[in-house]
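Q: Let me begin by handing over the structure; questions about it come next.
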Amino acid sequence: MMVLTLLFCLLSFQFQLPFVFPARNISLKCMQDTGEFLFDLNSMEPKDYALRMYDSVGKLGSDILHGNVDRLGSYSECLSTRAPSGHFHGQYCKLHVLQGGVDYSVGVCVPDSCMEEDVTAMSQLDILRFRNASFLAPPLFTMNASSLPVRGVARCATGTFPLDVFVAMCLFLTLLGLALPLAGTAYVAAGAWQSDRFLGAVDCALKCFSWQKNMPAIWTTEMPGSPCPALNGIRVLSLLWIMSGHTSQMTAWLSLDNVLEWKTRVLKNPLYLYSRSGPFYLGVDTFFLISGWLSARSFLKMQQSSEKGITANVILRYYCSRLIRLQPLHIYSVCLLVGLFSLVPWGPVWEVPKFHVDNCRQAWWTNLLLLNDFLSVRNACNGWTWYLASDFHFHLTTPAIIFVYGKSKHALVLLGAVLFLASFTATAWLTLAHDLPVAVPSEASKKAAMLYFSEYYTKPYCRLGPFLGGLLLSVFMHQNHQAHILKCKVQALLGWVCSLSTLLAVVVVAYALEDTSATPSAAALYQALHRTLWAAAVGWVLLACQDGYGGLVNQLLSCRLWGFLASISYACYLVHPILIILYNGLQETLIHYTDATMFYLFFGHCLLTCIAGLALTMFIERPCQDLKRCLLGSMPARPGTL
């Protein structure tokens, strides 16, 4: 080994490498193995394993002007190499380099005896060379690159993430969620018994998890407790819109080799409205509208079923029903992400999955308490579940609003106006205070984008408008449920014109504000109003379809297929980002954006999401709802969600 170390020193001088052996920075074993590798690579007849290790190193590619600066290399080729001496095998590391103002990543293959600190030190000393050419060749168009200082930090791939107590608990709960349906199905198939109270409870619980009970209920095209068939179509189309935006943007953030082309083509072009999910995820505001509409209807039914009206018991049952509706599948999705991501052998783009697992390790309790829209927003566990926390916080206000409605309709109007004004004012003030972007947070600076999500986008006081609009619409329709609200076709026509014009204006104005140097006050006004206006316009569609003036739109939204998809929509919302992250994280090369590529990715994710959503609905969501009714007795129809 000492001979190899001496040869490495001679080799360094031969190729003019600015290298000495600072033992405090690079371990002796790493120096010896790296010396063997570089000697075998730079000899007159390089050895095959050394050539394959070098071949797996990331090289400069084309299309750099469109953002192709990261060089991942070949992860699998690196790991497959073995030194003939048996001293080491290939280890894939990624160097994050800042050189000449250019930030890029380079995949390198080094002996597995080297730690991340060793690889970082070798990159800074520019030791890794082949024929006097550095492994870390600077990016094209960097002038005088050889004289620029290189600052690189190495991160080495571990394949699977380390297991700990938290991961073990998540894996246990994930497997339990799979075992209970299997046990229930086998129990029902073998024949049930019911001998006493205890066994009766076990009997009921196992039957709730059985496929024999859940499959027929899921496949029905009628949504229980849904008085408006068009609601299913609105819910599903909004979910597909959100999934399309997630497919495009979650892929673009770290997985595209032409991300600048994607930004130029997609973010500035209104034709890609569906691909980028509107000015920014207006489908979520449609969800809030639906949730508000169903929450009022559900609580009003609970109030009517109570002889004493609104009591503490009714309110408590309402809150418990909502929690039981949301939390079992929500918490299971957290366990599924942590358990699944900890078992998957990741490739060269493991950072995003690891980020999510680490976040859940630190912030899982915010999901459990439904506080993830206020706490740990920047490092959220299952970041897309902020919606559930805000939705539950909105539901906390429903009993108070319905109570005011029962006392005085004029007081309800006044309360609604005050709440709308408070939400609009808070949103406008935050937009002005932080200079928030209007429609394209990904185009803003990193600080502005972070503030957009943490201070505005996830905050319930900024997103109250759509939910409150849905709740008030439901109260209004409940008040006039025995008579048609729209009296003539002229009213319906005028309403449709206003609704469609509002939907169009919300989108067009967003692009206009982004394309021009709009005044801060104009941006703040748009930010304060546009989500509520969008929800109001969609609310008109719901009202018109319910009142018989929907026409072709009502026929489309009331298609029986939507009923089945709506029944699994909650599970689909929770699981689809997990599938997108899983797919992107398993890639060994960056994805090249084209319209056809995104089209196929979207439909592929939709298919897998429907399969996974159906499984989660059948394994977790519906059994928990049936178990609630079995153990706690029947309760009025639950408020809807996604």
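Chain labels A, B, ... are given in the sequence in which chains occur in the structure tokens; within each chain residues are numbered consecutively from 1, and ligands are likewise numbered from 1 in the order shown.
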Leaving out Ile401 in chain A and any residue of its chain fewer than 5 positions from it, which residues lie within 12 Å of it when counting only C-alpha atoms, given as a VMD selection string?

A: chain A and resid 292 295 to 296 299 to 300 310 394 to 396 406 to 409 411 to 416 419 468 471 to 472 474 to 475

Q: Keeping only C-alpha atoms, write those residues as a compact mmCIF listing (two decimals), in the first residue's frame.

A:
```
# COMPACT_ATOMS: atom_id res chain seq x y z
CA GLY A 292 -67.34 24.82 2.50
CA SER A 295 -69.55 21.44 5.56
CA ALA A 296 -72.59 23.71 5.93
CA PHE A 299 -73.71 20.56 10.02
CA LEU A 300 -77.23 21.69 9.16
CA ILE A 310 -76.90 23.35 18.22
CA PHE A 394 -62.06 26.34 8.33
CA HIS A 395 -64.40 23.62 9.57
CA LEU A 396 -63.83 24.86 13.11
CA GLY A 406 -79.98 30.62 12.99
CA LYS A 407 -80.19 33.84 15.01
CA SER A 408 -80.29 36.45 12.27
CA LYS A 409 -79.75 36.41 8.53
CA ALA A 411 -76.05 39.21 11.21
CA LEU A 412 -74.83 36.42 8.94
CA VAL A 413 -74.42 38.87 6.06
CA LEU A 414 -72.51 41.26 8.30
CA LEU A 415 -70.29 38.48 9.68
CA GLY A 416 -69.56 37.23 6.17
CA LEU A 419 -64.56 37.83 7.38
CA LEU A 468 -66.55 30.94 3.18
CA LEU A 471 -70.43 27.77 3.03
CA LEU A 472 -72.62 30.83 2.41
CA SER A 474 -74.80 26.20 0.80
CA VAL A 475 -76.72 28.13 3.46
```

Q: Can you tell me how far CA of Tyr387 in chain A sits from CA of Val284 in chain A, in Å to one decimal?

A: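 That distance, rounded to one decimal, is 8.0 Å.
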
Q: Which of these, A:Val338, A:Leu579, A:Leu267, A:Ala205, has the shortest distance to Arg629 in chain A once you count only C-alpha atoms?

A: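 With only C-alpha atoms as the atom set, the closest residue is A:Ala205.
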
Q: Which polymer residues have any atom within 12 Å of an atom of Met115 in chain A, counting only C-alpha atoms, with same-chain residues fewer than 2 positions away left out, as a PyMOL selection string?

A: chain A and resi 25-31+34+91-93+110-113+117-122+153-158

Q: Would you kindly return, as a PyMOL selection string, each protein, DNA or RNA residue with an atom no farther than 12 Å from any atom of Tyr457 in chain A, considering only C-alpha atoms and excluding same-chain residues fewer than 3 positions away?

A: chain A and resi 280-282+284-285+373-374+377-378+383-384+386-387+390+427+430-431+436-439+441+449-454+460-464+527-528+531

Q: Those residues with C-alpha atoms, as a JSON list (two decimals), in the first residue's frame please?

A:
```
[["chain", "number", "residue", "atom", "x", "y", "z"],
["A", 280, "PHE", "CA", -51.13, 29.06, -9.27],
["A", 281, "TYR", "CA", -53.22, 26.04, -8.28],
["A", 282, "LEU", "CA", -56.68, 27.53, -8.50],
["A", 284, "VAL", "CA", -57.19, 24.06, -4.58],
["A", 285, "ASP", "CA", -59.59, 26.98, -4.20],
["A", 373, "ASP", "CA", -50.06, 25.11, 7.66],
["A", 374, "PHE", "CA", -48.54, 27.22, 10.47],
["A", 377, "VAL", "CA", -43.99, 25.11, 6.60],
["A", 378, "ARG", "CA", -40.56, 25.48, 4.99],
["A", 383, "GLY", "CA", -45.88, 19.45, 2.09],
["A", 384, "TRP", "CA", -49.02, 19.14, -0.02],
["A", 386, "TRP", "CA", -51.10, 21.81, 4.32],
["A", 387, "TYR", "CA", -54.49, 21.86, 2.60],
["A", 390, "SER", "CA", -56.35, 24.69, 6.60],
["A", 427, "THR", "CA", -53.59, 38.97, 1.85],
["A", 430, "LEU", "CA", -48.68, 40.42, 3.08],
["A", 431, "THR", "CA", -48.27, 40.85, -0.68],
["A", 436, "LEU", "CA", -44.82, 38.55, -3.28],
["A", 437, "PRO", "CA", -45.12, 37.28, -6.85],
["A", 438, "VAL", "CA", -48.60, 37.01, -8.29],
["A", 439, "ALA", "CA", -48.78, 33.93, -10.48],
["A", 441, "PRO", "CA", -43.50, 31.88, -7.70],
["A", 449, "ALA", "CA", -40.77, 32.12, -3.53],
["A", 450, "MET", "CA", -40.19, 30.83, -0.01],
["A", 451, "LEU", "CA", -42.12, 33.73, 1.47],
["A", 452, "TYR", "CA", -44.93, 33.15, -1.01],
["A", 453, "PHE", "CA", -45.44, 29.62, 0.28],
["A", 454, "SER", "CA", -44.73, 30.15, 3.97],
["A", 460, "PRO", "CA", -55.78, 29.85, 6.25],
["A", 461, "TYR", "CA", -56.49, 33.54, 6.83],
["A", 462, "CYS", "CA", -55.39, 34.17, 3.23],
["A", 463, "ARG", "CA", -57.37, 31.24, 1.80],
["A", 464, "LEU", "CA", -60.62, 31.66, 3.75],
["A", 527, "GLN", "CA", -53.72, 38.64, -4.89],
["A", 528, "ALA", "CA", -56.43, 39.54, -2.38],
["A", 531, "ARG", "CA", -59.04, 33.19, -5.48]]
```

Q: Taking only range 116-327 of chain A into account, list the residues labelled alpha helix (DSSP H) by DSSP (computed from the backbone), as a ChimeraX atom specification.

A: /A:116-124,165-190,197-208,211-219,230-254,259-262,282-305,312-327

Q: Kindly indicate which residue among A:Tyr573, A:Tyr49, A:Tyr54, A:Trp262 lies nearest to Ser80 in chain A, using only C-alpha atoms for the distances.

A: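 Once distances to Ser80 in chain A are computed over only C-alpha atoms, the minimum belongs to A:Tyr49.
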
Q: What does the distance from CA of Val314 in chain A to CA of Pro399 in chain A come to in Å, to one decimal?

A: 9.2 Å

Q: Applying 10 Å and only C-alpha atoms, which residues near Leu128 in chain A remain after dropping the ones on its own chain fewer than 4 positions away? List them as a PyMOL selection string.

A: chain A and resi 12+17+34-35+37-38+54+108-110+119+122-124+132-136

Q: Write a file of the just-selected residues containing N, CA, C and O atoms, as an mmCIF file, in the first residue's frame.

A:
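The resulting part38.cif:
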```cif
data_model
loop_
_atom_site.group_PDB
_atom_site.id
_atom_site.type_symbol
_atom_site.label_atom_id
_atom_site.label_comp_id
_atom_site.auth_asym_id
_atom_site.auth_seq_id
_atom_site.Cartn_x
_atom_site.Cartn_y
_atom_site.Cartn_z
ATOM 1 N N SER A 12 1.089 12.454 -9.237
ATOM 2 C CA SER A 12 0.605 13.813 -9.042
ATOM 3 C C SER A 12 1.602 14.826 -9.583
ATOM 4 O O SER A 12 1.227 15.794 -10.248
ATOM 5 N N LEU A 17 -0.265 17.933 -10.628
ATOM 6 C CA LEU A 17 -1.423 18.101 -9.758
ATOM 7 C C LEU A 17 -0.990 18.850 -8.511
ATOM 8 O O LEU A 17 0.008 18.483 -7.886
ATOM 9 N N THR A 34 -7.486 5.581 -3.910
ATOM 10 C CA THR A 34 -7.570 6.554 -5.000
ATOM 11 C C THR A 34 -6.279 6.552 -5.803
ATOM 12 O O THR A 34 -6.303 6.684 -7.040
ATOM 13 N N GLY A 35 -5.125 6.393 -5.120
ATOM 14 C CA GLY A 35 -3.861 6.292 -5.841
ATOM 15 C C GLY A 35 -3.842 5.096 -6.762
ATOM 16 O O GLY A 35 -3.383 5.177 -7.907
ATOM 17 N N PHE A 37 -6.459 3.625 -8.106
ATOM 18 C CA PHE A 37 -7.406 3.891 -9.200
ATOM 19 C C PHE A 37 -6.790 4.824 -10.237
ATOM 20 O O PHE A 37 -6.818 4.548 -11.455
ATOM 21 N N LEU A 38 -6.190 5.953 -9.798
ATOM 22 C CA LEU A 38 -5.631 6.905 -10.751
ATOM 23 C C LEU A 38 -4.397 6.348 -11.460
ATOM 24 O O LEU A 38 -4.159 6.650 -12.640
ATOM 25 N N TYR A 54 -14.031 5.877 -14.721
ATOM 26 C CA TYR A 54 -13.936 7.207 -15.333
ATOM 27 C C TYR A 54 -15.087 7.445 -16.306
ATOM 28 O O TYR A 54 -15.609 8.561 -16.409
ATOM 29 N N VAL A 108 -19.207 11.809 -9.704
ATOM 30 C CA VAL A 108 -17.870 11.225 -9.801
ATOM 31 C C VAL A 108 -17.901 9.836 -9.184
ATOM 32 O O VAL A 108 -18.716 9.537 -8.306
ATOM 33 N N CYS A 109 -17.018 9.008 -9.652
ATOM 34 C CA CYS A 109 -16.902 7.645 -9.143
ATOM 35 C C CYS A 109 -15.564 7.520 -8.425
ATOM 36 O O CYS A 109 -14.496 7.712 -9.033
ATOM 37 N N VAL A 110 -15.605 7.215 -7.148
ATOM 38 C CA VAL A 110 -14.401 7.136 -6.321
ATOM 39 C C VAL A 110 -14.422 5.817 -5.552
ATOM 40 O O VAL A 110 -15.460 5.150 -5.465
ATOM 41 N N VAL A 119 -13.754 13.174 -0.430
ATOM 42 C CA VAL A 119 -14.060 13.550 -1.815
ATOM 43 C C VAL A 119 -14.094 15.067 -1.951
ATOM 44 O O VAL A 119 -13.622 15.625 -2.953
ATOM 45 N N MET A 122 -10.498 16.239 -2.058
ATOM 46 C CA MET A 122 -9.851 15.918 -3.333
ATOM 47 C C MET A 122 -10.338 16.830 -4.449
ATOM 48 O O MET A 122 -9.573 17.191 -5.349
ATOM 49 N N SER A 123 -11.615 17.214 -4.414
ATOM 50 C CA SER A 123 -12.122 18.121 -5.445
ATOM 51 C C SER A 123 -11.511 19.506 -5.299
ATOM 52 O O SER A 123 -11.192 20.159 -6.293
ATOM 53 N N GLN A 124 -11.344 19.954 -4.066
ATOM 54 C CA GLN A 124 -10.747 21.268 -3.846
ATOM 55 C C GLN A 124 -9.271 21.291 -4.224
ATOM 56 O O GLN A 124 -8.756 22.313 -4.681
ATOM 57 N N ASN A 132 -4.189 14.553 -17.438
ATOM 58 C CA ASN A 132 -4.045 15.970 -17.106
ATOM 59 C C ASN A 132 -5.335 16.773 -17.279
ATOM 60 O O ASN A 132 -5.319 17.998 -17.247
ATOM 61 N N ALA A 133 -6.465 16.097 -17.465
ATOM 62 C CA ALA A 133 -7.759 16.782 -17.562
ATOM 63 C C ALA A 133 -8.550 16.488 -16.296
ATOM 64 O O ALA A 133 -8.716 15.332 -15.903
ATOM 65 N N SER A 134 -9.039 17.541 -15.661
ATOM 66 C CA SER A 134 -9.763 17.379 -14.405
ATOM 67 C C SER A 134 -11.106 16.701 -14.627
ATOM 68 O O SER A 134 -11.769 16.902 -15.643
ATOM 69 N N PHE A 135 -11.497 15.851 -13.661
ATOM 70 C CA PHE A 135 -12.840 15.288 -13.690
ATOM 71 C C PHE A 135 -13.898 16.394 -13.614
ATOM 72 O O PHE A 135 -15.013 16.219 -14.094
ATOM 73 N N LEU A 136 -13.540 17.513 -12.985
ATOM 74 C CA LEU A 136 -14.486 18.613 -12.781
ATOM 75 C C LEU A 136 -14.263 19.685 -13.821
ATOM 76 O O LEU A 136 -14.030 20.857 -13.505
#
```

Q: Tell me which of A:Arg52, A:His393, A:Lys268, A:Lys263 sits closest to Phe288 in chain A, counting only C-alpha atoms.

A: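 Closest residue, counting only C-alpha atoms: A:His393.
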
Q: Using only C-alpha atoms, determine which residues lie at most 9 Å from Cys559 in chain A, disregarding the query and same-chain residues fewer than 5 positions distant; provide the list as an NGL selection string.

A: :A and (229-230 or 232-233 or 554)
